[in-house]
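Comments concern the structure below.
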Amino acid sequence: MSRLLIEGGARLNGKVNISGFKNAAVAIIPATLLSGDKCIVDNLPLIRDVFILKDIMKDLGAEIELNDDGVMTVDTSMIKKCNASSELSQKLRASYYLLGAGLARFKEVEVAYPGGCNIGNRPIDQHIKGFEALGAKVEIEHGIIRAKADKLTGAKIYLDIVSVGATINIMLAAVMAEGKTIIENAAKEPHIVDVANFLNSMGADIRGAGTDIIKINGVKELHGCTYSVIPDQIEAGTYMIAAAATKGDVVIDNVIPKHLEPVTAKLRELGVEVVEYGDSIRVTGTDKIKSANIKTLPYPGFPTDLQQPMTVLLTQAEGTSIVTESIFEGRFKYVDELKRMGAKIKVEGRTAVVEGPKQLSSAKVMATDLRAGAAFVIAGLISDGVTEIGNIYHVDRGYEKIEYKLMNLGAKIKRIEE
Ligand SMILES: CC(=O)N[C@H]1[C@@H](OP(=O)(O)OP(=O)(O)OC[C@H]2O[C@@H](n3ccc(=O)[nH]c3=O)[C@H](O)[C@@H]2O)O[C@H](CO)[C@@H](O)[C@@H]1O
Ligand SMILES: C=C(OP(=O)(O)O)C(=O)O
């Protein structure tokens with residue numbers, strides 16, 4: 001198991017380049033299954049989730065290559081059926097997008113129940129509700145999800161809960177259904193728009209992505225395309241928070257500032273200087289961070305994926321901050337480890353009360369999930385002594401070359417491979 005060692009105390013300084021968005025990439029790769037033509041996808045992040053999906057696609061029979069610049073060439077013409085029930089599919093959340101894409105192309109699909117971050121109950125009832133409305137039969141048995149349809153027909157689907165995964169999965173399943181599908185109460189995250197743009201580049205007819213009503217006119221078939229994935233707003237937000245926490249001065253490059261508005265607004269409330277440029281953001285820390293309350297919400301609210309890194313920053317704020325996690329009930333598991341580093345945080349249900357400022361002290365901690373790992377990296381950067389973070393494979397699921405990017409900003413960090 002690899003570990004990260006971080007010697008705290010350095011103020012981050014310089015420029016960091018943001019990679020392509022994990023959560024868009026992991027939907028777009030399965031979406032290439034929708035056409036038998038070749039697709040070229042660039043600006044893919046070189047992260048573990050992308051590598052696993054590449055292996056899954058290869059196992060299905062795709063000809064697939066990914067180069068060191070994040071350009072993937074995929075040809076799925078040889079795939080005859082979509083059976084992704086191996087252990088690989090359990091290693092990430094996004095393998096569930098093979099359900100929507102496989103159903104649309106083959107009318108029959110089998111995928112192992114997805115894994116992903118252990119941050120609470122993560123049901124897929126809304127995905128299933130959508131597939132069934134389109135005419136599929138879905139069953140789950142022995143950890144395998146099977147979906148089958150004689151024919152997919154457009155339908156009106158109201159999501160009972162705003163779900164990113166269900167919105168994307170239903171879009172995938174509906175693109176070639178007969179007639180019109182309307183998804184109401186759809187999620188509006190930037191990667192919903194990115195996936196819709198990718199599908200439209202393949203010849204789909206999707207309108208309204210980015211609003212809460214998405215309309216999909218089914219088309220007969222899709223064709224190949226060349227597409228570039230949007231920058232990762234969560235990776236960018238993590239570096240913005242790290243810059244603020246270390247009282248540094250960092251330009252976060254290759255971003256879409258609009259996607260980062262909830263983070264920018266919150267950092268400004270804390271007294272941190274944030275300046276937006278065309279495709280970059282400069283964050284300049286302050287010695288006196290103000291306290292603030294945060295509630296995670298679907299986009300454009302504050303993203304749950306940045307709750308953990310943000311909570312670390314709030315340990316440095318003067319006074320009491322209240323963090324409310326409204327998306328995933330189990331997303332405070334990392335707090336116990338943070339307390340071992342000296343943080344004063346009290347969790348009650350979905351709320352964490354953070355008292356600051358507290359000088360954090362180094363400790364040996366275990367990443368319990370992807371963003372918990374990122375939070376510990378930030379905690380390590382501002383602790384005295386050397387922090388050791390285990391289970392780094394979680395972090396590698398979503399952060400490309402994290403130690404190199406941080407080293408370039410002046411952090412003292414190294415990876416120990418074992
Ligand atoms: C690969 C990917 O893109 N992952 C993101 C995606 O996860 P994911 O797609 O799993 O998250 P959802 O948006 O679906 O989940 C939101 C809420 O809806 C609930 N729910 C979801 C589906 C369902 O069928 N039934 C149901 O009750 C979930 O338990 C959760 O409370 O969005 C989350 C919320 O922004 C992010 O934290 C994840 O990084
Ligand atoms: C929860 C996350 O990922 P996943 O849905 O892939 O587990 C995340 O990116 O923070």
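Order determines the names: the first chain of the structure tokens is A, the second B, and so forth; residues in each chain are numbered 1 upward, and ligands are numbered 1 upward as they are shown.
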Under the rule of at most 8 Å, produce a per-residue listing of chain A near ligand 2: chain, number, name, the closest pair of atoms, and the distance in Å, as CSV, using only C-alpha atoms and all ligand atoms.
residue,atom,partner,partner_atom_place_in_ligand_line,distance
A:Lys22,CA,ligand 2,9 (O),7.3
A:Asn23,CA,ligand 2,9 (O),6.7
A:Asp49,CA,ligand 2,6 (O),7.8
A:Leu92,CA,ligand 2,6 (O),5.8
A:Arg93,CA,ligand 2,6 (O),4.6
A:Ala94,CA,ligand 2,6 (O),6.0
A:Gly115,CA,ligand 2,7 (O),7.0
A:Gly116,CA,ligand 2,7 (O),3.4
A:Cys117,CA,ligand 2,7 (O),3.7
A:Asn118,CA,ligand 2,7 (O),7.2
A:Ile119,CA,ligand 2,1 (C),7.2
A:Ile234,CA,ligand 2,9 (O),7.7
A:Thr304,CA,ligand 2,10 (O),7.5
A:Asp305,CA,ligand 2,10 (O),4.4
A:Leu306,CA,ligand 2,10 (O),7.6
A:Asp369,CA,ligand 2,1 (C),8.0
A:Leu370,CA,ligand 2,10 (O),5.9
A:Arg371,CA,ligand 2,10 (O),5.4
A:Arg397,CA,ligand 2,6 (O),7.9
A:Gly398,CA,ligand 2,9 (O),6.5
Give as number ranges by chain the residues surrounding ligand 1 up to a distance of 7 Å, considering only C-alpha atoms and all ligand atoms. A: 23-24, 26, 93-94, 121-127, 161-166, 298, 303-305, 327-328
Let's see if you can do this: from backbone DSSP, list all strand (DSSP E) residues in range 19-141 of chain A, as a PyMOL selection string. chain A and resi 38-42+63-66+72-75+82-84+108-112+137-141
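Between Asp249 in chain A and the residues A:Ala10, A:Ile52, A:Ile402, A:Val323, the shortest atom-to-atom distance, using only C-alpha atoms, involves A:Ala10.
Minimum atom-to-atom distance to Pro190 in chain A, evaluated using only C-alpha atoms, belongs to A:Gly210 out of A:Gly210, A:Gly20, A:Gly100, A:Gly203.
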Determine which residues of range 132-216 of chain A DSSP labels as alpha helix (DSSP H) from the backbone of this structure, then write them out as a list in words.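 The residues of range 132-216 of chain A classed as alpha helix (DSSP H) are Glu132, Ala133, Val164, Gly165, Ala166, Thr167, Ile168, Asn169, Ile170, Met171, Leu172, Ala173, Ala174, Pro190, His191, Ile192, Val193, Asp194, Val195, Ala196, Asn197, Phe198, Leu199, Asn200 and Ser201 of chain A.
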The selected residues should be written to file as a JSON list (two decimals), in the first residue's frame (atoms: N, CA and C atoms).
[["chain", "number", "residue", "atom", "x", "y", "z"],
["A", 132, "GLU", "N", -36.90, 1.49, -15.77],
["A", 132, "GLU", "CA", -38.20, 0.80, -15.86],
["A", 132, "GLU", "C", -39.22, 1.66, -16.61],
["A", 133, "ALA", "N", -39.16, 2.97, -16.38],
["A", 133, "ALA", "CA", -40.10, 3.85, -17.10],
["A", 133, "ALA", "C", -39.86, 3.79, -18.61],
["A", 164, "VAL", "N", -27.24, 12.97, -9.39],
["A", 164, "VAL", "CA", -26.32, 13.13, -10.52],
["A", 164, "VAL", "C", -26.28, 11.82, -11.33],
["A", 165, "GLY", "N", -26.04, 10.72, -10.59],
["A", 165, "GLY", "CA", -25.89, 9.42, -11.27],
["A", 165, "GLY", "C", -27.14, 9.02, -12.02],
["A", 166, "ALA", "N", -28.31, 9.19, -11.40],
["A", 166, "ALA", "CA", -29.56, 8.79, -12.05],
["A", 166, "ALA", "C", -29.82, 9.66, -13.28],
["A", 167, "THR", "N", -29.55, 10.97, -13.15],
["A", 167, "THR", "CA", -29.79, 11.87, -14.29],
["A", 167, "THR", "C", -28.95, 11.42, -15.49],
["A", 168, "ILE", "N", -27.67, 11.17, -15.25],
["A", 168, "ILE", "CA", -26.78, 10.77, -16.36],
["A", 168, "ILE", "C", -27.17, 9.40, -16.90],
["A", 169, "ASN", "N", -27.44, 8.45, -16.00],
["A", 169, "ASN", "CA", -27.77, 7.10, -16.44],
["A", 169, "ASN", "C", -29.04, 7.07, -17.30],
["A", 170, "ILE", "N", -30.02, 7.88, -16.90],
["A", 170, "ILE", "CA", -31.28, 7.91, -17.67],
["A", 170, "ILE", "C", -31.03, 8.58, -19.03],
["A", 171, "MET", "N", -30.20, 9.62, -19.03],
["A", 171, "MET", "CA", -29.87, 10.25, -20.34],
["A", 171, "MET", "C", -29.24, 9.20, -21.26],
["A", 172, "LEU", "N", -28.31, 8.41, -20.70],
["A", 172, "LEU", "CA", -27.62, 7.40, -21.52],
["A", 172, "LEU", "C", -28.62, 6.38, -22.07],
["A", 173, "ALA", "N", -29.52, 5.94, -21.20],
["A", 173, "ALA", "CA", -30.46, 4.90, -21.63],
["A", 173, "ALA", "C", -31.47, 5.45, -22.64],
["A", 174, "ALA", "N", -31.75, 6.76, -22.55],
["A", 174, "ALA", "CA", -32.85, 7.33, -23.35],
["A", 174, "ALA", "C", -32.43, 7.86, -24.72],
["A", 190, "PRO", "N", -22.20, 20.62, -13.48],
["A", 190, "PRO", "CA", -21.51, 20.87, -14.76],
["A", 190, "PRO", "C", -21.23, 19.60, -15.56],
["A", 191, "HIS", "N", -21.03, 18.48, -14.88],
["A", 191, "HIS", "CA", -20.71, 17.28, -15.67],
["A", 191, "HIS", "C", -21.96, 16.68, -16.32],
["A", 192, "ILE", "N", -23.15, 17.05, -15.84],
["A", 192, "ILE", "CA", -24.37, 16.62, -16.55],
["A", 192, "ILE", "C", -24.35, 17.30, -17.93],
["A", 193, "VAL", "N", -24.00, 18.59, -17.91],
["A", 193, "VAL", "CA", -23.95, 19.34, -19.18],
["A", 193, "VAL", "C", -22.85, 18.77, -20.07],
["A", 194, "ASP", "N", -21.70, 18.44, -19.45],
["A", 194, "ASP", "CA", -20.59, 17.92, -20.25],
["A", 194, "ASP", "C", -20.96, 16.59, -20.92],
["A", 195, "VAL", "N", -21.62, 15.71, -20.16],
["A", 195, "VAL", "CA", -22.01, 14.42, -20.74],
["A", 195, "VAL", "C", -23.05, 14.64, -21.85],
["A", 196, "ALA", "N", -23.99, 15.56, -21.61],
["A", 196, "ALA", "CA", -24.99, 15.85, -22.64],
["A", 196, "ALA", "C", -24.32, 16.41, -23.89],
["A", 197, "ASN", "N", -23.33, 17.28, -23.71],
["A", 197, "ASN", "CA", -22.61, 17.84, -24.87],
["A", 197, "ASN", "C", -21.88, 16.74, -25.63],
["A", 198, "PHE", "N", -21.29, 15.79, -24.86],
["A", 198, "PHE", "CA", -20.60, 14.67, -25.52],
["A", 198, "PHE", "C", -21.60, 13.86, -26.34],
["A", 199, "LEU", "N", -22.74, 13.56, -25.72],
["A", 199, "LEU", "CA", -23.75, 12.75, -26.42],
["A", 199, "LEU", "C", -24.28, 13.50, -27.65],
["A", 200, "ASN", "N", -24.48, 14.80, -27.51],
["A", 200, "ASN", "CA", -24.94, 15.58, -28.67],
["A", 200, "ASN", "C", -23.87, 15.59, -29.77],
["A", 201, "SER", "N", -22.59, 15.58, -29.38],
["A", 201, "SER", "CA", -21.52, 15.49, -30.40],
["A", 201, "SER", "C", -21.58, 14.14, -31.12]]
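Near Glu269 in chain A, within 10 Å and counting only C-alpha atoms, sit Val263, Thr264, Ala265, Lys266, Val272, Glu273, Ile289, Lys290, Ser291, Ala292 and Asn293 of chain A, not including residues fewer than 3 positions from it in the same chain.
Coordinates place CA of Lys91 in chain A at a distance of 9.7 Å from CA of Arg48 in chain A.
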Counting only C-alpha atoms, what is within 10 Å of Leu66 in chain A, bar same-chain residues fewer than 4 positions away, as a VMD selection string? chain A and resid 40 to 42 44 46 50 to 51 54 70 to 74
Using only N, CA and C atoms, please write the residues we just selected to a file, as a short mmCIF file (atom, residue, chain, number, x, y, z; two decimals), in the first residue's frame.
data_model
loop_
_atom_site.label_atom_id
_atom_site.label_comp_id
_atom_site.auth_asym_id
_atom_site.auth_seq_id
_atom_site.Cartn_x
_atom_site.Cartn_y
_atom_site.Cartn_z
N ILE A 40 -12.79 9.74 -29.85
CA ILE A 40 -11.53 10.23 -29.27
C ILE A 40 -11.90 11.23 -28.17
N VAL A 41 -11.46 10.91 -26.96
CA VAL A 41 -11.79 11.77 -25.83
C VAL A 41 -10.50 12.33 -25.27
N ASP A 42 -10.38 13.66 -25.19
CA ASP A 42 -9.14 14.17 -24.60
C ASP A 42 -9.40 14.98 -23.34
N LEU A 44 -8.59 13.80 -20.49
CA LEU A 44 -8.98 12.85 -19.45
C LEU A 44 -7.95 12.92 -18.31
N LEU A 46 -5.50 11.48 -15.58
CA LEU A 46 -4.79 10.19 -15.44
C LEU A 46 -4.93 9.75 -13.98
N VAL A 50 -10.22 6.24 -14.03
CA VAL A 50 -10.14 6.21 -15.50
C VAL A 50 -9.40 4.94 -15.94
N PHE A 51 -8.32 4.59 -15.23
CA PHE A 51 -7.57 3.37 -15.60
C PHE A 51 -8.46 2.12 -15.43
N LYS A 54 -10.98 1.93 -18.19
CA LYS A 54 -10.32 1.51 -19.43
C LYS A 54 -10.20 -0.02 -19.43
N GLY A 70 -3.52 12.12 -21.74
CA GLY A 70 -4.94 12.03 -21.39
C GLY A 70 -5.85 11.93 -22.59
N VAL A 71 -5.31 11.45 -23.71
CA VAL A 71 -6.15 11.26 -24.90
C VAL A 71 -6.50 9.78 -25.04
N MET A 72 -7.79 9.51 -25.08
CA MET A 72 -8.25 8.12 -25.19
C MET A 72 -8.89 7.89 -26.56
N THR A 73 -8.51 6.79 -27.20
CA THR A 73 -9.15 6.40 -28.45
C THR A 73 -9.90 5.11 -28.16
N VAL A 74 -11.19 5.10 -28.45
CA VAL A 74 -12.02 3.93 -28.12
C VAL A 74 -12.79 3.47 -29.34
#
How many Å separate CA of Glu325 in chain A from CA of Tyr113 in chain A?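 So the two atoms, CA of Glu325 in chain A and CA of Tyr113 in chain A, lie 24.8 Å apart.
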What separates CA of Lys58 in chain A and CA of Tyr404 in chain A is a distance of 29.0 Å
Measuring atom to atom with only C-alpha atoms, identify which of A:Ile214, A:Val377, A:Leu314, A:Leu60 is nearest to Ser362 in chain A.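 Result for the nearest residue to Ser362 in chain A: A:Val377.
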From the options A:Lys215, A:Lys288, A:Arg3, A:Lys137, which residue's atoms come nearest to Lys364 in chain A, counting only C-alpha atoms? A:Arg3
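When the distance limit is 6 Å and only C-alpha atoms are what count, the residues near Asn254 in chain A, minus those fewer than 2 positions from it on the same chain, are A:Asn17, A:Ile18, A:Asp279, A:Ser280.
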How would the residues just chosen look if you wrote them out with N, CA and C atoms as a compact mmCIF listing (two decimals), in the first residue's frame?
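Once written, selection_7.txt looks like this:
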# COMPACT_ATOMS: atom_id res chain seq x y z
N ASN A 17 -1.91 23.29 -12.61
CA ASN A 17 -2.78 23.04 -13.77
C ASN A 17 -3.82 21.97 -13.41
N ILE A 18 -5.07 22.27 -13.64
CA ILE A 18 -6.15 21.34 -13.26
C ILE A 18 -6.42 20.35 -14.38
N ASP A 279 -9.73 31.79 -17.56
CA ASP A 279 -9.73 30.35 -17.29
C ASP A 279 -8.78 30.00 -16.14
N SER A 280 -8.63 30.94 -15.22
CA SER A 280 -7.85 30.65 -14.01
C SER A 280 -8.40 31.45 -12.84
Contacts of range 217-323 of chain A with range 380-395 of chain A up to 12 Å, shortest pair per row, only C-alpha atoms, as JSON lines:
{"residue": "A:Glu235", "atom": "CA", "partner": "A:Val395", "partner_atom": "CA", "distance": 10.9}
{"residue": "A:Thr238", "atom": "CA", "partner": "A:Val395", "partner_atom": "CA", "distance": 11.9}
{"residue": "A:Tyr239", "atom": "CA", "partner": "A:Leu381", "partner_atom": "CA", "distance": 11.7}
{"residue": "A:Ile241", "atom": "CA", "partner": "A:Leu381", "partner_atom": "CA", "distance": 11.4}
{"residue": "A:Ala242", "atom": "CA", "partner": "A:Leu381", "partner_atom": "CA", "distance": 8.0}
{"residue": "A:Ala243", "atom": "CA", "partner": "A:Leu381", "partner_atom": "CA", "distance": 9.9}
{"residue": "A:Ala244", "atom": "CA", "partner": "A:Ile382", "partner_atom": "CA", "distance": 10.5}
{"residue": "A:Ala245", "atom": "CA", "partner": "A:Ile382", "partner_atom": "CA", "distance": 7.0}
{"residue": "A:Thr246", "atom": "CA", "partner": "A:Ile382", "partner_atom": "CA", "distance": 5.9}
{"residue": "A:Lys247", "atom": "CA", "partner": "A:Ile382", "partner_atom": "CA", "distance": 9.3}
{"residue": "A:Gly248", "atom": "CA", "partner": "A:Ile382", "partner_atom": "CA", "distance": 10.9}
{"residue": "A:Pro309", "atom": "CA", "partner": "A:Gly380", "partner_atom": "CA", "distance": 11.5}
{"residue": "A:Val312", "atom": "CA", "partner": "A:Ile382", "partner_atom": "CA", "distance": 9.5}
{"residue": "A:Leu313", "atom": "CA", "partner": "A:Ile382", "partner_atom": "CA", "distance": 9.4}
{"residue": "A:Thr315", "atom": "CA", "partner": "A:Ile382", "partner_atom": "CA", "distance": 10.5}
{"residue": "A:Gln316", "atom": "CA", "partner": "A:Ile382", "partner_atom": "CA", "distance": 9.2}
So that I can check the surroundings of Thr32 in chain A, please list as a PyMOL selection string every protein, DNA and RNA residue that reaches within 9 Å of it, counting only C-alpha atoms and ignoring chain neighbours fewer than 6 positions away. chain A and resi 38-39+74-76+101+199+202+224
